[in-house]
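Here is the file start31.csv (CSV, C-alpha atoms).
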chain,number,residue,atom,x,y,z
H,1,MET,CA,0.0,0.0,0.0
H,2,SER,CA,1.2,3.5,-0.6
H,3,VAL,CA,2.5,5.3,2.4
H,4,LEU,CA,0.2,8.2,1.5
H,5,LYS,CA,-2.9,6.0,1.5
H,6,LEU,CA,-1.9,4.2,4.7
H,7,VAL,CA,-1.3,7.5,6.6
H,8,LYS,CA,-4.6,9.0,5.5
H,9,LEU,CA,-6.6,5.8,6.3
H,10,LEU,CA,-5.0,5.7,9.8
H,11,TYR,CA,-5.7,9.4,10.3
H,12,LEU,CA,-9.4,8.9,9.3
H,13,THR,CA,-9.7,5.9,11.6
H,14,ASP,CA,-8.2,7.8,14.6
H,15,ARG,CA,-10.4,10.9,13.8
H,16,THR,CA,-13.5,8.8,13.6
H,17,ALA,CA,-12.8,7.0,16.9
H,18,LEU,CA,-12.2,10.4,18.5
H,19,LEU,CA,-15.6,11.6,17.3
H,20,LYS,CA,-17.4,8.4,18.1
H,21,TRP,CA,-15.9,7.4,21.4
H,22,GLY,CA,-14.2,10.6,22.7
H,23,ARG,CA,-10.8,8.9,22.3
H,24,PRO,CA,-8.7,7.9,19.3
H,25,LEU,CA,-7.1,4.5,18.7
H,26,THR,CA,-3.5,5.6,18.6
H,27,PHE,CA,-3.2,8.6,21.0
H,28,ASP,CA,-0.7,9.9,18.4
H,29,THR,CA,0.0,13.6,17.8
H,30,TYR,CA,-1.7,15.2,14.7
H,31,PHE,CA,-0.2,17.6,12.2
H,32,SER,CA,-1.2,19.3,9.0
H,33,LEU,CA,1.3,18.7,6.3
H,34,PRO,CA,1.2,19.8,2.7
H,35,GLN,CA,-0.3,16.4,1.8
H,36,GLY,CA,-2.9,16.6,4.5
H,37,PRO,CA,-3.3,15.6,8.2
H,38,ILE,CA,-1.1,12.9,9.6
H,39,LEU,CA,-0.4,10.9,12.8
H,40,SER,CA,3.1,12.1,13.6
H,41,ALA,CA,4.7,9.2,15.5
H,42,THR,CA,3.1,6.7,13.1
H,43,LEU,CA,4.6,8.4,10.1
H,44,ASP,CA,7.9,8.5,11.9
H,45,LYS,CA,7.7,4.7,12.4
H,46,ILE,CA,6.9,4.2,8.7
H,47,ASN,CA,9.9,6.2,7.7
H,48,GLU,CA,12.2,4.6,10.3
H,49,PRO,CA,14.6,2.0,8.9
H,50,VAL,CA,15.0,-1.4,10.6
H,51,ALA,CA,17.6,-1.0,13.3
H,52,PRO,CA,20.8,-3.1,13.0
H,53,GLU,CA,20.1,-4.8,16.3
H,54,GLY,CA,16.7,-6.1,15.0
H,55,PRO,CA,13.3,-4.9,14.0
H,56,SER,CA,11.1,-2.8,16.3
H,57,TYR,CA,7.6,-4.1,17.0
H,58,TRP,CA,6.4,-1.9,14.1
H,59,HIS,CA,8.7,-3.7,11.7
H,60,THR,CA,7.6,-7.1,12.8
H,61,VAL,CA,4.2,-6.3,11.5
H,62,ILE,CA,4.8,-3.7,8.7
H,63,SER,CA,7.7,-3.9,6.2
H,64,GLU,CA,10.4,-1.4,6.0
H,65,ARG,CA,9.4,1.4,3.6
H,66,SER,CA,10.3,0.6,0.0
H,67,GLY,CA,10.0,3.8,-2.1
H,68,ASN,CA,6.5,5.0,-1.4
H,69,HIS,CA,5.1,1.7,-0.2
H,70,VAL,CA,4.9,-0.6,2.8
H,71,ARG,CA,3.3,-4.0,3.2
H,72,LEU,CA,1.9,-6.2,5.9
H,73,LEU,CA,4.4,-8.9,6.7
H,74,GLY,CA,2.3,-11.9,6.0
H,75,PRO,CA,-1.2,-13.0,7.2
H,76,ASP,CA,0.1,-14.0,10.7
H,77,ALA,CA,2.1,-10.8,11.3
H,78,LEU,CA,-0.8,-8.8,12.7
H,79,PRO,CA,-1.9,-10.0,16.1
H,80,ASN,CA,-5.6,-9.9,16.6
H,81,THR,CA,-5.4,-9.6,20.4
H,82,GLU,CA,-4.5,-5.9,20.4
H,83,LEU,CA,-7.8,-4.5,19.1
H,84,SER,CA,-11.3,-4.7,20.5
H,85,PRO,CA,-14.1,-6.0,18.3
H,86,ALA,CA,-15.4,-2.4,18.2
H,87,GLU,CA,-12.0,-1.1,16.9
H,88,GLU,CA,-11.9,-3.9,14.3
H,89,LYS,CA,-15.4,-3.0,13.2
H,90,LEU,CA,-14.3,0.7,12.9
H,91,LEU,CA,-11.3,-0.3,10.8
H,92,ASP,CA,-13.5,-2.3,8.5
H,93,ARG,CA,-15.9,0.6,8.2
H,94,ILE,CA,-13.1,3.0,7.3
H,95,TRP,CA,-11.8,0.5,4.7
H,96,ASP,CA,-15.3,0.0,3.3
H,97,GLU,CA,-15.8,3.8,3.0
H,98,PHE,CA,-12.4,4.9,1.8
H,99,GLY,CA,-10.4,1.8,0.8
H,100,ALA,CA,-11.1,2.0,-2.9
H,101,MET,CA,-9.7,5.6,-3.0
H,102,SER,CA,-6.1,6.2,-4.0
H,103,GLY,CA,-3.7,8.0,-1.8
H,104,TRP,CA,-4.0,11.1,-3.8
H,105,ASP,CA,-7.8,11.0,-3.6
H,106,LEU,CA,-7.6,10.6,0.2
H,107,ARG,CA,-5.1,13.5,0.2
H,108,ASP,CA,-7.7,15.7,-1.6
H,109,TYR,CA,-10.5,14.4,0.7
H,110,SER,CA,-8.4,15.2,3.8
H,111,HIS,CA,-7.7,18.7,2.6
H,112,GLY,CA,-11.5,19.3,3.0
H,113,LEU,CA,-11.5,18.4,6.7
H,114,PRO,CA,-12.1,21.5,8.8
H,115,GLU,CA,-9.0,20.9,11.0
H,116,TRP,CA,-6.5,20.8,8.1
H,117,GLN,CA,-4.8,24.1,7.5
H,118,ASP,CA,-2.3,24.6,4.7
H,119,PRO,CA,1.1,24.6,6.5
H,120,GLU,CA,2.7,26.4,3.5
H,121,GLY,CA,5.5,23.8,3.0
H,122,SER,CA,6.0,23.1,6.7
H,123,ARG,CA,3.8,21.5,9.3
H,124,ARG,CA,1.2,22.8,11.8
H,125,PRO,CA,-0.1,21.0,14.9
H,126,ILE,CA,-3.7,20.0,14.9
H,127,ASP,CA,-5.4,20.3,18.3
H,128,LEU,CA,-7.9,17.6,19.3
H,129,ARG,CA,-10.3,20.4,20.3
H,130,ASP,CA,-10.4,21.7,16.8
H,131,ILE,CA,-11.5,18.4,15.4
H,132,LEU,CA,-14.1,17.9,18.1
H,133,MET,CA,-15.5,21.5,17.9
H,134,SER,CA,-15.6,21.3,14.0
H,135,GLU,CA,-17.9,18.4,14.4
H,136,GLY,CA,-20.3,20.0,16.9
H,137,PHE,CA,-18.8,19.3,20.3
H,138,SER,CA,-19.0,22.2,22.7
H,139,ARG,CA,-15.7,24.0,23.7
H,140,ASN,CA,-16.1,22.6,27.3
H,141,THR,CA,-16.7,19.0,26.2
H,142,ALA,CA,-13.8,19.2,23.8
H,143,LEU,CA,-11.5,20.5,26.6
H,144,GLU,CA,-12.7,17.8,28.9
H,145,ILE,CA,-11.9,15.1,26.4
H,146,LYS,CA,-8.5,16.6,25.8
H,147,ARG,CA,-7.7,16.8,29.5
H,148,THR,CA,-8.9,13.2,30.1
H,149,MET,CA,-6.6,12.0,27.3
H,150,GLU,CA,-3.7,13.9,28.6
H,151,ALA,CA,-4.2,12.5,32.1
H,152,GLU,CA,-4.4,8.9,30.6
H,153,SER,CA,-1.3,9.5,28.6
H,154,ALA,CA,0.6,10.8,31.7
H,155,PHE,CA,-0.5,7.8,33.7
H,156,ALA,CA,0.6,5.4,31.0
H,157,ASP,CA,4.0,7.2,30.7
H,158,ARG,CA,4.5,7.0,34.4
H,159,TYR,CA,3.3,3.5,35.1
H,160,GLY,CA,3.9,1.8,31.8
H,161,ALA,CA,0.2,1.1,31.3

Show this structure as structure tokens.
Amino acid sequence: MSVLKLVKLLYLTDRTALLKWGRPLTFDTYFSLPQGPILSATLDKINEPVAPEGPSYWHTVISERSGNHVRLLGPDALPNTELSPAEEKLLDRIWDEFGAMSGWDLRDYSHGLPEWQDPEGSRRPIDLRDILMSEGFSRNTALEIKRTMEAESAFADRYGA
């Protein structure tokens, strides 16, 4: 799959989870890039070469980038214990809705999302609150969701959860 398509599908999945459940799947950081919104750490993993001491978890599931493409490393590479049935259903829904689109079509679609702002050749952070409020959440609810996510992230960082 092209990296552009993968990154857009993952962003749309995270965005949809945030709007549906008040929490994304990845807890990644979002940025507007010239090619549209992205999950920052995820794109970093895609672009990271396999380390000489052996592959990271990412590279046991997804191939090292080859040009503009990556691939799943076989049918048994992706463990099915990491995602809940609801998350798997969401991934299927995103694939059903957007999977037939090319990376460039998804790029164009993502440029129409209200949180994307042209970074003029650079990058701009996307605040979760902007996504939530653009889809009808109140400022207070958006702030509460963001604070809850920050607290969960801090807890996970501290206690390895």

Who sits within 12 Å of stretch 62-66 of chain H, all atoms listed in the file, same chain under 5 positions skipped, as a PyMOL selection string: chain H and resi 1-4+6+42-51+54-57+71-79

Given all atoms listed in the file as the counted atoms, nearest of H:Asp127, H:Glu152, H:Glu82, H:Glu87 to H:Ala17: H:Glu87

As a check of understanding: the span from atom CA of H:Lys20 to atom CA of H:Phe137 is 11.2 Å

Restricting to all atoms listed in the file, whichever of H:Ile131, H:Leu91, H:Val61, H:Met149 is closest to H:Asp28 is H:Met149

Find the spatial neighbours of H:Leu9, counting all atoms listed in the file, within a cut-off of 10 Å - ignore same-chain residues fewer than 2 positions away - and output them as JSON, numbers by chain. {"H": [3, 4, 5, 6, 7, 11, 12, 13, 14, 15, 38, 91, 94, 95, 97, 98, 99, 101, 103, 106, 107, 110]}

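You will find atom CA of H:Ile126 at 7.9 Å from atom CA of H:Thr29.
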
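Each of H:Arg124, H:His59, H:Lys89, H:Arg158 was checked against H:Phe31 using only C-alpha atoms; the smallest atom-to-atom distance is that of H:Arg124.
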
Between atom CA of H:Tyr30 and atom CA of H:Ala86, measure the distance and give it in Å to one decimal.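 Between these atoms lies a distance of 22.6 Å.
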
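Among the candidates H:Gly67, H:Tyr159, H:Glu150, H:Gly136, the residue lying nearest to H:Phe27 is H:Glu150 (atoms considered: all atoms listed in the file).
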
For H:Gln117, the nearest of the candidates H:Leu90, H:Leu33, H:Leu19, H:Ala151, counting all atoms listed in the file: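 Smallest separation from H:Gln117 among the options: H:Leu33.
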
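Shortest separation to H:Pro34 among H:Glu53, H:Glu120, H:Val70, H:Thr16 occurs at residue H:Glu120, atoms counted being all atoms listed in the file.
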
Hey, can you pull every residue with an atom no more than 7 Å from (-6.7, 18.5, 3.5), using all atoms listed in the file, and send it as a VMD selection string? chain H and resid 35 to 37 107 to 113 116
